[in-house]
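*Asks:* As input, take run_10.txt (compact mmCIF, C-alpha atoms and all ligand atoms):
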# COMPACT_ATOMS: atom_id res chain seq x y z
CA MET A 1 -13.46 16.72 7.44
CA PRO A 2 -12.01 16.65 3.87
CA PRO A 3 -9.09 14.21 3.49
CA GLU A 4 -6.54 16.99 2.90
CA ALA A 5 -7.58 18.87 6.06
CA ALA A 6 -7.53 15.62 8.06
CA ALA A 7 -4.06 14.79 6.75
CA ALA A 8 -2.78 18.30 7.59
CA ALA A 9 -4.22 18.08 11.13
CA LEU A 10 -2.62 14.68 11.65
CA GLN A 11 0.67 15.86 10.21
CA ALA A 12 0.83 18.57 12.83
CA SER A 13 0.46 16.16 15.77
CA GLY A 14 3.19 14.15 17.52
CA VAL A 15 5.11 11.05 16.59
CA PRO A 16 3.98 9.16 13.48
CA LEU A 17 2.44 5.76 14.09
CA LEU A 18 4.71 4.20 11.48
CA ASN A 19 8.12 5.50 10.43
CA VAL A 20 10.00 3.63 7.71
CA VAL A 21 13.59 4.81 7.15
CA GLY A 22 15.82 3.72 4.25
CA LEU A 23 14.16 0.31 4.01
CA LYS A 24 15.89 -2.24 1.76
CA LYS A 25 14.97 -5.82 1.01
CA HIS A 26 17.26 -7.77 -1.29
CA PHE A 27 16.77 -11.44 -2.10
CA ALA A 28 19.91 -13.48 -2.82
CA LEU A 29 19.93 -15.57 -5.99
CA HIS A 30 21.69 -18.92 -5.99
CA GLY A 31 22.52 -21.14 -8.93
CA GLY A 32 24.75 -23.87 -10.32
CA LEU A 33 25.58 -27.23 -8.79
CA LEU A 34 27.15 -25.66 -5.71
CA GLY A 35 24.28 -23.26 -5.13
CA LEU A 36 26.65 -20.29 -5.12
CA SER A 37 25.36 -16.74 -4.97
CA THR A 38 24.75 -15.41 -8.49
CA GLY A 39 23.35 -11.99 -7.65
CA LYS A 40 20.48 -10.40 -5.81
CA VAL A 41 17.02 -9.04 -6.49
CA HIS A 42 16.74 -5.41 -5.34
CA ALA A 43 13.05 -5.72 -4.42
CA VAL A 44 13.01 -2.68 -2.12
CA ASP A 45 15.93 -0.28 -2.33
CA GLY A 46 15.85 2.58 0.15
CA VAL A 47 12.21 3.41 0.89
CA SER A 48 11.29 6.00 3.53
CA PHE A 49 7.88 7.31 4.62
CA THR A 50 5.77 8.06 7.67
CA LEU A 51 2.15 7.24 8.42
CA ARG A 52 0.05 8.89 11.10
CA ARG A 53 -2.93 7.63 13.04
CA GLY A 54 -6.13 8.03 11.10
CA GLU A 55 -4.22 8.55 7.86
CA THR A 56 -4.18 6.53 4.64
CA LEU A 57 -0.98 6.32 2.64
CA SER A 58 -1.27 4.52 -0.68
CA VAL A 59 1.78 2.85 -2.18
CA VAL A 60 1.20 2.51 -5.89
CA GLY A 61 3.11 1.00 -8.78
CA GLU A 62 3.20 -1.73 -11.39
CA SER A 63 3.47 -5.39 -10.51
CA GLY A 64 6.98 -6.23 -9.28
CA CYS A 65 7.87 -2.70 -8.12
CA GLY A 66 8.36 -3.88 -4.52
CA LYS A 67 5.23 -2.44 -2.92
CA SER A 68 3.99 -5.76 -1.47
CA THR A 69 7.50 -6.50 -0.17
CA VAL A 70 7.36 -3.20 1.75
CA GLY A 71 4.11 -4.39 3.39
CA LYS A 72 5.48 -7.85 4.22
CA THR A 73 8.63 -6.34 5.73
CA ILE A 74 6.62 -4.01 7.98
CA LEU A 75 4.58 -7.05 9.07
CA ARG A 76 7.90 -8.83 9.73
CA LEU A 77 6.85 -11.66 7.44
CA LEU A 78 10.18 -10.77 5.80
CA ASP A 79 13.27 -9.43 7.56
CA PRO A 80 14.66 -6.20 6.09
CA THR A 81 18.14 -6.20 4.57
CA GLU A 82 18.77 -2.66 5.75
CA GLY A 83 16.89 0.30 7.20
CA GLU A 84 14.67 0.91 10.19
CA ILE A 85 10.97 0.43 10.94
CA TRP A 86 9.46 2.24 13.92
CA LEU A 87 5.95 1.70 15.31
CA ASP A 88 4.74 4.34 17.74
CA GLY A 89 8.29 5.37 18.56
CA ALA A 90 9.58 1.80 19.12
CA ARG A 91 11.89 0.08 16.68
CA ILE A 92 10.35 -3.16 15.35
CA ASP A 93 12.70 -4.29 12.57
CA THR A 94 15.22 -5.62 15.11
CA LEU A 95 12.71 -7.40 17.38
CA PRO A 96 13.50 -11.11 17.79
CA ALA A 97 10.74 -13.51 16.71
CA ARG A 98 9.66 -14.21 20.30
CA GLN A 99 8.89 -10.52 20.85
CA LEU A 100 6.72 -10.05 17.77
CA ARG A 101 3.42 -10.80 19.52
CA PRO A 102 2.48 -7.17 20.35
CA LEU A 103 3.32 -6.21 16.75
CA ARG A 104 1.04 -8.97 15.43
CA ARG A 105 -1.81 -7.52 17.47
CA ARG A 106 -1.30 -3.91 16.40
CA VAL A 107 -0.48 -4.39 12.72
CA GLN A 108 -2.84 -6.51 10.66
CA VAL A 109 -3.18 -7.27 6.97
CA VAL A 110 -5.99 -7.73 4.47
CA PHE A 111 -4.85 -9.62 1.38
CA GLN A 112 -6.18 -9.58 -2.18
CA ASP A 113 -7.74 -13.03 -2.06
CA PRO A 114 -9.79 -13.48 1.10
CA PHE A 115 -10.71 -16.99 0.03
CA SER A 116 -7.16 -18.22 0.34
CA SER A 117 -6.50 -16.26 3.55
CA LEU A 118 -9.65 -17.51 5.37
CA ASN A 119 -9.57 -21.08 6.63
CA PRO A 120 -12.30 -22.85 4.58
CA ARG A 121 -12.94 -25.37 7.39
CA MET A 122 -13.69 -22.71 10.01
CA ARG A 123 -17.02 -21.01 10.54
CA VAL A 124 -16.94 -17.21 10.51
CA ARG A 125 -17.47 -17.17 14.27
CA ASP A 126 -14.32 -19.22 14.85
CA ILE A 127 -12.32 -17.14 12.35
CA LEU A 128 -13.17 -13.99 14.32
CA ALA A 129 -12.87 -15.63 17.75
CA GLU A 130 -9.34 -16.92 17.10
CA PRO A 131 -7.44 -13.58 17.33
CA VAL A 132 -9.62 -12.36 20.23
CA VAL A 133 -8.83 -15.51 22.22
CA ASN A 134 -5.17 -15.67 21.16
CA PHE A 135 -4.52 -12.17 22.41
CA GLY A 136 -6.59 -12.66 25.59
CA LEU A 137 -9.00 -9.85 24.73
CA ALA A 138 -12.17 -11.41 26.20
CA LYS A 139 -12.49 -12.41 29.84
CA SER A 140 -15.60 -14.55 29.41
CA GLY A 141 -17.63 -16.38 26.79
CA SER A 142 -20.27 -13.67 26.75
CA GLU A 143 -17.64 -10.94 26.27
CA LEU A 144 -16.22 -12.94 23.36
CA ASP A 145 -19.72 -13.23 21.84
CA ASP A 146 -20.26 -9.49 22.25
CA ARG A 147 -16.94 -8.65 20.59
CA ILE A 148 -17.65 -10.95 17.66
CA ALA A 149 -21.16 -9.57 17.20
CA ALA A 150 -19.76 -6.01 17.28
CA LEU A 151 -17.22 -6.92 14.59
CA MET A 152 -20.01 -8.20 12.31
CA ASP A 153 -21.91 -4.95 12.87
CA LYS A 154 -18.82 -2.90 12.04
CA VAL A 155 -18.41 -4.56 8.64
CA HIS A 156 -22.17 -4.61 7.98
CA LEU A 157 -22.65 -8.37 7.89
CA PRO A 158 -25.67 -10.02 9.54
CA ARG A 159 -24.93 -11.75 12.84
CA ASP A 160 -26.58 -14.98 11.66
CA ALA A 161 -23.76 -15.27 9.09
CA LEU A 162 -21.45 -16.27 11.96
CA ARG A 163 -22.58 -19.87 11.53
CA ARG A 164 -21.56 -20.07 7.90
CA TYR A 165 -18.31 -21.02 6.15
CA PRO A 166 -16.25 -18.70 3.89
CA HIS A 167 -17.31 -20.46 0.65
CA GLU A 168 -20.94 -19.50 1.35
CA PHE A 169 -20.15 -15.79 0.81
CA SER A 170 -19.53 -13.58 -2.22
CA GLY A 171 -16.05 -12.09 -2.83
CA GLY A 172 -17.06 -8.75 -1.31
CA GLN A 173 -18.59 -10.41 1.76
CA ARG A 174 -15.47 -12.52 2.23
CA GLN A 175 -13.38 -9.36 2.12
CA ARG A 176 -15.64 -7.91 4.85
CA ILE A 177 -14.88 -11.00 6.94
CA GLY A 178 -11.16 -10.46 6.27
CA ILE A 179 -11.49 -6.86 7.46
CA ALA A 180 -13.42 -7.95 10.58
CA ARG A 181 -10.65 -10.43 11.36
CA ALA A 182 -8.04 -7.68 10.95
CA LEU A 183 -10.04 -5.49 13.38
CA ALA A 184 -10.56 -8.32 15.90
CA PRO A 185 -7.30 -7.87 17.87
CA GLY A 186 -7.77 -4.09 18.01
CA ALA A 187 -5.19 -3.19 15.35
CA ASP A 188 -3.96 0.42 14.93
CA LEU A 189 -2.58 -0.15 11.45
CA ILE A 190 -4.06 -2.26 8.66
CA ILE A 191 -2.00 -3.05 5.58
CA CYS A 192 -4.37 -3.56 2.66
CA ASP A 193 -2.35 -5.47 0.05
CA GLU A 194 -4.31 -5.21 -3.22
CA ALA A 195 -7.34 -5.70 -0.94
CA VAL A 196 -9.91 -4.67 -3.54
CA SER A 197 -8.08 -5.60 -6.76
CA ALA A 198 -9.98 -8.84 -7.38
CA LEU A 199 -13.45 -7.34 -6.82
CA ASP A 200 -16.02 -6.00 -9.29
CA VAL A 201 -16.06 -2.22 -9.69
CA SER A 202 -19.21 -1.64 -7.59
CA VAL A 203 -18.03 -4.01 -4.84
CA LYS A 204 -14.62 -2.31 -4.86
CA ALA A 205 -16.33 0.99 -4.13
CA GLN A 206 -18.33 -0.55 -1.27
CA ILE A 207 -15.19 -1.97 0.38
CA VAL A 208 -13.32 1.32 -0.07
CA ASN A 209 -16.26 3.15 1.56
CA LEU A 210 -16.26 0.63 4.41
CA LEU A 211 -12.53 1.15 5.02
CA ALA A 212 -13.02 4.93 5.05
CA GLU A 213 -15.94 4.58 7.49
CA LEU A 214 -13.92 2.32 9.83
CA GLN A 215 -10.99 4.71 9.67
CA ASP A 216 -13.21 7.61 10.73
CA GLU A 217 -14.78 5.57 13.52
CA LEU A 218 -11.66 3.88 14.89
CA GLY A 219 -8.84 6.24 13.89
CA LEU A 220 -7.11 3.45 11.96
CA ALA A 221 -4.01 4.05 9.91
CA LEU A 222 -4.18 2.35 6.50
CA LEU A 223 -1.27 1.44 4.28
CA PHE A 224 -3.05 0.81 1.02
CA ILE A 225 -0.93 -1.12 -1.48
CA SER A 226 -2.36 -1.08 -4.99
CA HIS A 227 -1.51 -1.04 -8.68
CA ASP A 228 -4.69 0.96 -9.32
CA LEU A 229 -4.46 4.75 -9.02
CA ALA A 230 -8.16 5.10 -9.83
CA ILE A 231 -9.12 3.32 -6.61
CA VAL A 232 -6.72 5.16 -4.33
CA GLU A 233 -8.04 8.53 -5.53
CA HIS A 234 -11.21 7.94 -3.51
CA LEU A 235 -9.58 6.72 -0.33
CA THR A 236 -6.16 8.11 0.31
CA HIS A 237 -4.67 11.15 2.04
CA ARG A 238 -1.20 10.74 0.55
CA VAL A 239 0.33 8.65 -2.25
CA GLY A 240 3.81 7.20 -2.73
CA VAL A 241 4.54 6.03 -6.27
CA MET A 242 7.04 3.17 -6.51
CA TYR A 243 9.18 2.12 -9.45
CA LEU A 244 11.75 -0.69 -9.34
CA GLY A 245 12.12 -0.74 -5.56
CA LYS A 246 12.14 3.01 -4.95
CA ILE A 247 9.58 5.69 -4.17
CA VAL A 248 9.81 8.17 -7.06
CA GLU A 249 7.08 10.58 -5.95
CA LEU A 250 5.40 11.22 -2.61
CA THR A 251 2.75 13.81 -1.93
CA ASP A 252 -0.85 14.39 -0.91
CA ARG A 253 -3.69 13.07 -3.02
CA ARG A 254 -4.82 16.38 -4.48
CA THR A 255 -1.33 17.42 -5.56
CA LEU A 256 -0.61 14.04 -7.11
CA PHE A 257 -3.79 14.01 -9.16
CA SER A 258 -3.56 17.65 -10.24
CA ARG A 259 0.18 18.45 -10.39
CA ALA A 260 2.17 15.24 -10.60
CA HIS A 261 5.86 15.93 -11.26
CA HIS A 262 7.50 12.60 -12.04
CA PRO A 263 7.13 11.33 -15.64
CA TYR A 264 6.32 7.82 -14.36
CA THR A 265 3.47 9.15 -12.20
CA LYS A 266 2.18 11.09 -15.20
CA ALA A 267 2.19 7.90 -17.28
CA LEU A 268 0.25 6.02 -14.59
CA LEU A 269 -2.23 8.88 -14.29
CA SER A 270 -2.75 8.98 -18.04
CA ALA A 271 -4.04 5.39 -17.84
CA VAL A 272 -6.71 6.19 -15.21
CA PRO A 273 -10.12 6.12 -16.92
CA VAL A 274 -12.07 9.39 -16.89
CA PRO A 275 -15.74 9.16 -15.86
CA ASP A 276 -16.96 11.36 -18.74
CA PRO A 277 -16.86 9.25 -21.96
CA LEU A 278 -16.60 12.45 -24.05
CA ALA A 279 -13.59 13.74 -22.13
CA LYS A 280 -10.31 12.83 -23.79
CA ARG A 281 -7.08 12.19 -21.95
CA ASP A 282 -3.76 11.85 -23.76
CA ARG A 283 -2.40 8.46 -22.89
CA ILE A 284 1.34 8.16 -22.30
CA ILE A 285 2.46 4.74 -23.49
CA LEU A 286 5.73 3.74 -21.86
CA ARG A 287 8.32 2.02 -24.02
CA GLY A 288 9.40 -1.51 -23.13
CA ASP A 289 8.91 -3.51 -19.97
CA VAL A 290 9.92 -2.81 -16.40
CA PRO A 291 13.67 -3.67 -16.25
CA SER A 292 14.85 -6.54 -14.07
CA PRO A 293 15.30 -5.72 -10.37
CA ILE A 294 18.34 -8.06 -10.46
CA ASN A 295 20.33 -5.52 -12.43
CA PRO A 296 18.49 -2.19 -12.30
CA PRO A 297 19.46 0.54 -14.83
CA SER A 298 22.19 3.00 -13.87
CA GLY A 299 21.34 6.56 -12.87
CA CYS A 300 17.58 7.04 -12.88
CA ARG A 301 15.99 3.59 -12.88
CA PHE A 302 13.20 4.91 -15.08
CA HIS A 303 15.56 6.24 -17.78
CA THR A 304 15.10 3.25 -20.12
CA ARG A 305 11.39 4.10 -20.47
CA CYS A 306 11.19 7.82 -19.81
CA PRO A 307 9.97 10.05 -22.68
CA PHE A 308 12.11 12.93 -21.30
CA VAL A 309 15.40 11.15 -20.68
CA PHE A 310 18.58 13.22 -21.12
CA ASP A 311 22.27 12.46 -20.58
CA ARG A 312 22.42 13.18 -16.86
CA CYS A 313 19.60 10.67 -16.21
CA ARG A 314 21.75 7.74 -17.39
CA VAL A 315 24.60 8.38 -14.96
CA GLU A 316 23.26 10.21 -11.91
CA GLU A 317 20.60 8.80 -9.66
CA PRO A 318 17.96 11.45 -8.86
CA LEU A 319 17.20 11.67 -5.12
CA LEU A 320 13.77 12.42 -3.71
CA ARG A 321 13.71 16.22 -3.31
CA PRO A 322 11.07 18.86 -2.69
CA VAL A 323 9.38 20.13 -5.85
CA GLY A 324 6.54 21.87 -4.02
CA GLU A 325 5.00 22.06 -0.58
CA ALA A 326 4.99 18.54 0.96
CA HIS A 327 5.73 17.24 -2.53
CA LEU A 328 8.80 15.06 -3.20
CA SER A 329 9.94 13.76 -6.56
CA ALA A 330 13.02 11.82 -7.70
CA CYS A 331 13.58 13.36 -11.12
CA HIS A 332 16.24 15.67 -12.54
CA LEU A 333 13.65 17.79 -14.34
CA ASP A 334 12.85 20.90 -12.36
CA ALA A 335 9.25 21.77 -11.64
CA SER A 336 8.99 24.43 -14.36
CA VAL A 337 10.45 22.08 -16.98
CA ALA A 338 7.98 19.39 -15.95
CA VAL A 339 5.10 21.81 -16.44
CA GLN A 340 6.38 22.78 -19.87
CA THR A 341 6.72 19.15 -20.91
CA GLU A 342 3.02 18.61 -20.31
CA ARG A 343 2.45 20.34 -23.63
CA LEU A 344 5.00 18.14 -25.33
CA LEU A 345 3.79 14.76 -24.16
CA PRO A 346 3.67 12.26 -27.00
CA HIS A 347 0.16 11.54 -28.28
CA HIS A 348 -0.13 7.78 -28.52
CA ALA A 349 -3.84 7.47 -27.76
FE1 LIG B 401 13.01 10.82 -16.79
FE2 LIG B 401 15.44 11.75 -16.26
FE3 LIG B 401 13.41 12.35 -14.67
FE4 LIG B 401 14.40 9.89 -14.70
S1 LIG B 401 15.46 11.72 -14.03
S2 LIG B 401 12.26 10.45 -14.71
S3 LIG B 401 14.90 9.66 -16.87
S4 LIG B 401 13.65 12.95 -16.81
What do you get writing this file as structure tokens?
Ligand code: SF4
*Replies:*
Amino acid sequence: MPPEAAAAALQASGVPLLNVVGLKKHFALHGGLLGLSTGKVHAVDGVSFTLRRGETLSVVGESGCGKSTVGKTILRLLDPTEGEIWLDGARIDTLPARQLRPLRRRVQVVFQDPFSSLNPRMRVRDILAEPVVNFGLAKSGSELDDRIAALMDKVHLPRDALRRYPHEFSGGQRQRIGIARALAPGADLIICDEAVSALDVSVKAQIVNLLAELQDELGLALLFISHDLAIVEHLTHRVGVMYLGKIVELTDRRTLFSRAHHPYTKALLSAVPVPDPLAKRDRIILRGDVPSPINPPSGCRFHTRCPFVFDRCRVEEPLLRPVGEAHLSACHLDASVAVQTERLLPHHA
């Protein structure tokens, strides 16, 4: 089934697996001899989205936009400052630490660097056995062996590799081990935090294909956190674009790549390489750096870099609002103006 049709079918069914409502995560800053509070970092500042079973939502943005903090807060590696997180209809952001065990089983993570997240002193067999044993998912030694062998098959690694250590594998193979470990406790949701960013282009594609295959087979939900729009184009059903702690555009993959509304999304898209070397794409070069999340700009947080800024943008914060079917954008430009501006984009190639 094409991704858009799958996403539409999922959208029509029941309660979302994950529901994030108004999520905020601020980090207090302390300084001086007395260690007094000197301000706070607005890492995540009011993020809301849903994710259904079998669906991939990509959260995309530049480094420091807060996307990894969203993932860590859902995993409860960080406690939210404000907002709600619901998993399968049950609220998880208020769970005390001693009740996090079921969450740890159902929500797993694959990090960017599998080498640092896999214990170098453990053989692959022990790495995969640990979550199965910890969550009491095998009743006997032979059942444990069967589960581990099945995990190796799922990620297309040979079973004789179970005797080896992580350093004996390539980066792509280590990421397969990381994925197998995430699958081991029977997770429903896997958060992939820059999971393919450190890999070569061809290996990236193999891991993306593997994730898509596992999603089809197991009905997994994937929250795919990435700075790379080119990669998410081949994997995702929907995309949320983040800038300075907020989602500025949220829509399905096809709409985002063909009719993006927000000027920041358009700038990110303009940097995605086109496969045809003769095809030319006008690159939108953004002015300046991403402002500090300690003291974000007034009004629209993107106004200091936006090629289309006007007076209202500096004083009034744009809220996420519909600009098309299942298409939300946080920008004061209306849809028709945004289309017109496509012809006016600065040519900085
Ligand atoms: Fe640019 Fe204004 Fe839209 Fe912000 S609200 S993205 S500054 S046009």
*Asks:* Which residues sit within 8 Å of ligand LIG 401 (chain B), counting all atoms listed in the file, listed as a ChimeraX atom specification?
*Replies:* /A:262-264,299-310,312-314,317-318,330-333
*Asks:* Quick one: pull the distance between atom CA of Asn295 of chain A and atom CA of Leu244 of chain A, Å, one decimal.
*Replies:*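 So the answer is 10.3 Å.
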*Asks:* So, counting only C-alpha atoms, which residue among A:Ala161, A:Ile294, A:Gly35, A:Thr56 is closest to Val208 of chain A?
*Replies:* A:Thr56
*Asks:* Which residue is closest to Asp88 of chain A? Choose from A:Arg123, A:Ala221, A:Val60, A:Val201 and count all atoms listed in the file.
*Replies:*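 Among A:Arg123, A:Ala221, A:Val60, A:Val201, it is A:Ala221 that comes nearest to Asp88 of chain A.
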*Asks:* Between A:Phe224, A:Leu235, A:Phe257, A:Leu229, which has the minimum distance to Ala271 of chain A (counting only C-alpha atoms)?
*Replies:*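 Among the listed residues, the smallest separation from Ala271 of chain A belongs to A:Leu229.
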